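With compact mmCIF, C-alpha atoms and all ligand atoms inside, this is entry_35.txt:
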# COMPACT_ATOMS: atom_id res chain seq x y z
CA MET Y 1 242.62 -31.43 37.02
CA SER Y 2 242.71 -32.65 33.50
CA HIS Y 3 239.01 -32.49 33.72
CA ARG Y 4 239.08 -28.79 34.46
CA LEU Y 5 241.70 -28.29 31.83
CA ALA Y 6 239.62 -30.02 29.23
CA ALA Y 7 236.65 -27.94 30.20
CA ALA Y 8 238.70 -24.81 30.00
CA CYS Y 9 240.01 -25.81 26.62
CA ALA Y 10 236.53 -26.56 25.41
CA LEU Y 11 235.48 -23.18 26.63
CA ILE Y 12 238.39 -21.53 24.93
CA LEU Y 13 237.67 -23.45 21.75
CA VAL Y 14 234.05 -22.42 21.81
CA ALA Y 15 235.03 -18.89 22.56
CA ALA Y 16 237.55 -19.01 19.76
CA ALA Y 17 235.00 -20.53 17.48
CA CYS Y 18 232.58 -17.84 18.41
CA ALA Y 19 235.19 -15.23 18.12
CA ALA Y 20 236.28 -16.61 14.83
CA PRO Y 21 233.13 -15.78 12.96
CA PRO Y 22 233.38 -12.12 13.74
CA PRO Y 23 236.63 -11.85 11.83
CA THR Y 24 234.76 -13.53 9.03
CA LEU Y 25 232.11 -10.91 9.49
CA ALA Y 26 234.96 -8.58 9.24
CA PRO Y 27 233.94 -8.30 5.62
CA SER Y 28 232.57 -5.20 7.13
CA PRO Y 29 235.77 -3.70 5.84
CA PRO Y 30 234.06 -3.98 2.50
CA PRO Y 31 232.38 -0.81 3.58
CA THR Y 32 235.72 0.28 2.36
CA GLY Y 33 234.06 -0.96 -0.76
CA SER Y 34 231.72 1.91 -0.27
CA PRO Y 35 234.19 4.00 -2.17
CA VAL Y 36 233.33 1.53 -4.92
CA ALA Y 37 230.04 3.28 -4.94
CA THR Y 38 231.85 6.46 -5.73
CA PRO Y 39 233.13 5.26 -9.06
CA PHE Y 40 229.56 4.38 -9.85
CA THR Y 41 228.58 7.91 -9.19
CA ALA Y 42 231.12 8.73 -11.81
CA GLY Y 43 228.81 7.00 -14.26
CA PRO Y 44 226.30 9.77 -14.17
CA ASP Y 45 229.22 12.03 -14.89
CA THR Y 46 229.63 10.33 -18.21
CA ALA Y 47 225.96 10.75 -18.79
CA ALA Y 48 226.43 14.40 -18.04
CA ALA Y 49 228.90 14.61 -20.90
CA PRO Y 50 226.34 14.93 -23.67
CA ALA Y 51 224.84 17.66 -21.56
CA PRO Y 52 226.66 20.49 -23.31
CA ALA Y 53 223.33 21.61 -24.55
CA GLY Y 54 224.46 25.15 -24.83
CA PRO Y 55 226.38 24.92 -28.10
CA SER Y 56 223.66 26.94 -29.73
CA ALA Y 57 224.92 30.06 -28.05
CA THR Y 58 228.58 29.36 -28.80
CA PRO Y 59 228.76 29.81 -32.58
CA CYS Y 60 227.85 33.45 -32.39
CA SER Y 61 231.05 34.26 -30.58
CA ALA Y 62 232.90 33.06 -33.66
CA ALA Y 63 235.69 35.34 -34.80
CA ALA Y 64 235.82 36.87 -38.24
CA THR Y 65 237.48 34.66 -40.81
CA PRO Y 66 240.89 36.23 -41.41
CA ALA Y 67 241.51 37.75 -44.82
CA GLN Y 68 244.48 36.66 -46.89
CA ALA Y 69 246.16 37.81 -50.06
CA GLU Y 70 244.34 37.24 -53.33
CA GLY Y 71 247.53 36.10 -55.03
CA PRO Y 72 248.35 36.44 -58.70
CA TYR Y 73 245.93 33.88 -60.15
CA TYR Y 74 242.42 35.21 -59.56
CA ARG Y 75 240.33 35.64 -62.68
CA ALA Y 76 236.93 37.25 -62.61
CA GLY Y 77 234.15 35.67 -64.64
CA SER Y 78 234.38 32.06 -63.48
CA PRO Y 79 231.45 29.81 -64.41
CA ALA Y 80 228.59 29.24 -61.97
CA ARG Y 81 229.00 25.62 -60.93
CA ALA Y 82 229.47 23.33 -57.96
CA ALA Y 83 231.33 20.55 -59.78
CA LEU Y 84 234.80 21.71 -60.77
CA ILE Y 85 236.27 18.36 -61.76
CA GLU Y 86 236.56 17.82 -65.49
CA GLN Y 87 237.71 14.83 -67.47
CA ASP Y 88 241.39 15.77 -67.43
CA THR Y 89 241.53 17.26 -63.95
CA VAL Y 90 244.51 16.03 -61.94
CA GLY Y 91 244.11 15.46 -58.21
CA GLU Y 92 242.33 13.53 -55.49
CA PRO Y 93 238.61 14.34 -55.40
CA VAL Y 94 237.33 16.18 -52.36
CA LEU Y 95 234.05 17.73 -51.32
CA LEU Y 96 234.47 21.15 -49.73
CA ARG Y 97 231.33 22.42 -48.05
CA GLY Y 98 230.30 24.89 -45.43
CA ALA Y 99 228.28 27.99 -44.77
CA VAL Y 100 228.71 31.72 -45.06
CA LEU Y 101 227.56 33.35 -41.84
CA ARG Y 102 227.27 36.90 -40.63
CA LEU Y 103 229.68 37.94 -37.93
CA GLY Y 104 228.03 38.75 -34.62
CA ASP Y 105 224.66 37.04 -34.93
CA CYS Y 106 225.79 34.11 -37.08
CA LEU Y 107 222.78 34.37 -39.33
CA PRO Y 108 223.29 32.65 -42.68
CA LEU Y 109 224.04 34.87 -45.64
CA ALA Y 110 221.65 33.52 -48.23
CA GLY Y 111 222.39 34.40 -51.82
CA ALA Y 112 225.99 35.35 -51.07
CA ARG Y 113 228.40 34.48 -53.85
CA ILE Y 114 231.39 32.30 -53.14
CA ASP Y 115 234.08 32.18 -55.78
CA LEU Y 116 236.74 29.46 -55.61
CA TRP Y 117 239.97 29.05 -57.56
CA GLN Y 118 242.87 26.73 -56.96
CA ALA Y 119 245.80 24.74 -58.32
CA ASP Y 120 245.25 21.14 -59.37
CA GLY Y 121 246.84 18.15 -57.63
CA ALA Y 122 250.11 18.87 -59.42
CA GLY Y 123 250.22 22.48 -58.24
CA ARG Y 124 249.17 24.00 -61.59
CA TYR Y 125 246.64 26.80 -62.06
CA ASP Y 126 244.69 27.04 -65.25
CA ASN Y 127 245.42 30.62 -66.23
CA ALA Y 128 244.13 30.25 -69.76
CA GLY Y 129 240.71 28.81 -69.04
CA PHE Y 130 238.57 28.27 -65.98
CA GLY Y 131 239.79 24.87 -64.85
CA LEU Y 132 239.22 24.45 -61.11
CA ARG Y 133 237.49 27.80 -60.97
CA GLY Y 134 233.83 28.37 -60.23
CA HIS Y 135 231.33 30.25 -58.16
CA GLN Y 136 227.91 29.61 -56.67
CA ALA Y 137 225.29 31.34 -54.53
CA THR Y 138 224.67 30.16 -50.99
CA ASP Y 139 221.27 28.65 -50.22
CA GLU Y 140 218.77 29.88 -47.57
CA SER Y 141 220.98 28.37 -44.87
CA GLY Y 142 224.04 30.12 -46.23
CA ARG Y 143 225.40 26.77 -47.43
CA TYR Y 144 227.71 26.03 -50.32
CA ALA Y 145 229.50 22.92 -51.61
CA PHE Y 146 232.17 22.40 -54.24
CA GLU Y 147 233.22 19.11 -55.75
CA THR Y 148 236.86 19.63 -56.49
CA VAL Y 149 240.32 18.11 -55.93
CA LEU Y 150 242.95 18.50 -53.23
CA PRO Y 151 245.35 21.22 -54.34
CA GLY Y 152 249.00 20.36 -54.84
CA VAL Y 153 252.16 22.17 -53.86
CA TYR Y 154 253.72 24.91 -55.97
CA PRO Y 155 256.95 26.79 -55.22
CA GLY Y 156 256.78 28.56 -51.90
CA ARG Y 157 253.22 27.52 -51.13
CA THR Y 158 251.71 24.82 -49.02
CA PRO Y 159 248.45 23.33 -50.43
CA HIS Y 160 245.61 25.87 -50.28
CA LEU Y 161 242.42 26.98 -52.00
CA HIS Y 162 241.43 30.58 -52.66
CA ILE Y 163 237.96 31.96 -52.04
CA LYS Y 164 236.20 35.29 -52.37
CA ILE Y 165 232.85 36.08 -50.81
CA PHE Y 166 230.50 38.67 -52.25
CA ALA Y 167 227.24 39.90 -50.73
CA ALA Y 168 224.06 39.35 -52.72
CA ASP Y 169 224.31 42.98 -53.86
CA GLY Y 170 227.79 42.38 -55.27
CA ARG Y 171 229.93 43.97 -52.55
CA GLU Y 172 233.11 42.03 -51.91
CA LEU Y 173 233.11 40.89 -48.28
CA LEU Y 174 236.21 38.76 -47.99
CA THR Y 175 239.16 37.32 -49.88
CA THR Y 176 241.04 34.54 -48.15
CA GLN Y 177 242.64 31.12 -48.46
CA VAL Y 178 241.63 27.75 -47.07
CA TYR Y 179 244.17 25.16 -45.91
CA ILE Y 180 243.91 21.39 -45.92
CA PRO Y 181 244.20 19.51 -42.63
CA GLY Y 182 246.88 16.85 -42.81
CA LEU Y 183 248.43 18.41 -45.92
CA SER Y 184 249.09 22.08 -45.34
CA GLU Y 185 250.55 22.17 -41.83
CA GLY Y 186 253.97 20.65 -42.29
CA MET Y 187 255.40 22.92 -44.97
CA PRO Y 188 257.21 26.22 -44.50
CA ASP Y 189 254.90 28.92 -45.86
CA PHE Y 190 254.70 32.30 -44.15
CA LEU Y 191 251.11 32.76 -45.31
CA PHE Y 192 249.84 29.61 -43.64
CA ASP Y 193 247.33 30.36 -40.87
CA ALA Y 194 245.96 27.50 -38.77
CA GLN Y 195 242.73 29.48 -38.26
CA LEU Y 196 242.07 28.90 -41.93
CA LEU Y 197 242.37 25.12 -41.82
CA ALA Y 198 239.26 23.38 -43.10
CA ARG Y 199 237.69 20.80 -40.79
CA ASP Y 200 238.21 17.17 -41.66
CA GLU Y 201 234.82 15.45 -42.01
CA GLY Y 202 236.21 12.05 -42.92
CA ARG Y 203 235.06 10.35 -46.09
CA ASP Y 204 231.68 9.92 -47.73
CA GLU Y 205 230.13 6.60 -48.83
CA GLY Y 206 232.15 6.71 -52.02
CA GLY Y 207 235.43 7.11 -50.12
CA ARG Y 208 235.86 10.73 -51.14
CA ARG Y 209 237.42 13.05 -48.60
CA VAL Y 210 235.03 15.65 -47.15
CA LEU Y 211 236.19 18.97 -45.73
CA SER Y 212 234.12 21.73 -44.24
CA PHE Y 213 234.87 25.40 -43.88
CA ASP Y 214 232.48 27.99 -42.46
CA VAL Y 215 233.13 31.62 -43.27
CA TYR Y 216 232.23 34.42 -40.86
CA VAL Y 217 232.05 37.77 -42.55
CA ARG Y 218 231.12 41.30 -41.63
CA ASP Y 219 228.08 42.23 -43.66
CA GLY Y 220 227.17 45.79 -42.87
CA PRO Y 221 226.65 48.81 -45.07
CA GLY Y 222 229.97 49.95 -46.49
FE FE M 301 247.47 30.06 -54.75
Any chance you could put this one into structure tokens?
Ligand code: FE
Amino acid sequence: MSHRLAAACALILVAAACAAPPPTLAPSPPPTGSPVATPFTAGPDTAAAPAPAGPSATPCSAAATPAQAEGPYYRAGSPARAALIEQDTVGEPVLLRGAVLRLGDCLPLAGARIDLWQADGAGRYDNAGFGLRGHQATDESGRYAFETVLPGVYPGRTPHLHIKIFAADGRELLTTQVYIPGLSEGMPDFLFDAQLLARDEGRDEGGRRVLSFDVYVRDGPG
């Protein structure tokens, strides 16, 4: 009897032992790990990110740069220059650069004139001379750049720069104002328009702040 029992037990043990491995093979559930493969497929997704290769078409849908009031401090006859900072100029240096582009086809307006005037870092305009005033012609790519300072606050106004754009033939195409990201947004000023915020380009090697502002203007006859 005990003999048969022992044999039966041995059989059961063997069977159990044999059956045991399968559960160990049960790592087949890892196929549940197959969804792990899915996240991997997400990788290519990331690679697809730089795909937006169609930005070339986008810029031409750019809206016209809104016009804004000239204000009381414009003076015609500013000097032709890119560097507006003089020895006694007050304010944090900044490079403002960008391009003047034609609305619709976004072609650069070469030889357009961009006139800039602004308050210094203390909010003062030079109304006697031409401090922080200057103009230049855009290059073949419609580009311009001014070395100037961040404008300060004056009563009722958040920091801003004024610009005027003239066609190469002298027609005035636009008068507007440019606002400073991180400076101009938080102050009550009914003229402020977020569409006219310059783009923050960080700082150059010398630590100077760099802002960019592209201008889209209508340049047709009349
Ligand atoms: Fe002003």
Separation of CA of Lys164 (chain Y) from CA of Arg203 (chain Y) in Å: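 Taking CA of Arg203 (chain Y) as the start and CA of Lys164 (chain Y) as the end point, the length is 25.7 Å.
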query: Given a cut-off of 7 Å, what residues near ligand FE 301 (chain M) show up using all atoms listed in the file, put as a list in words?
result: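 Listed by chain and ascending number, the contacts are Gly71, Tyr73, Gln118, Ala119, His160, Leu161 and His162 of chain Y.
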message: Report, in Å with one decimal, the straight-line distance from CA of Ala80 (chain Y) to CA of Gln195 (chain Y).
response: 27.6 Å
- prompt: Between CA of Arg209 (chain Y) and CA of Val94 (chain Y), what is the distance, to one decimal in Å?
  reply: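 Rounded to one decimal, the two atoms are 4.9 Å apart.
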Residue neighbourhood Thr176 (chain Y), 12 Å, only C-alpha atoms, exclusion window fewer than 5 positions, as a PyMOL selection string: chain Y and resi 64-71+74+114-118+160-165+191-193+195-197+213+215-217
- prompt: Which is closer to Pro79 (chain Y) than all the others in Y:Leu132, Y:Ala99, Y:Cys60, Y:Leu211, using all atoms listed in the file?
  reply: Y:Leu132
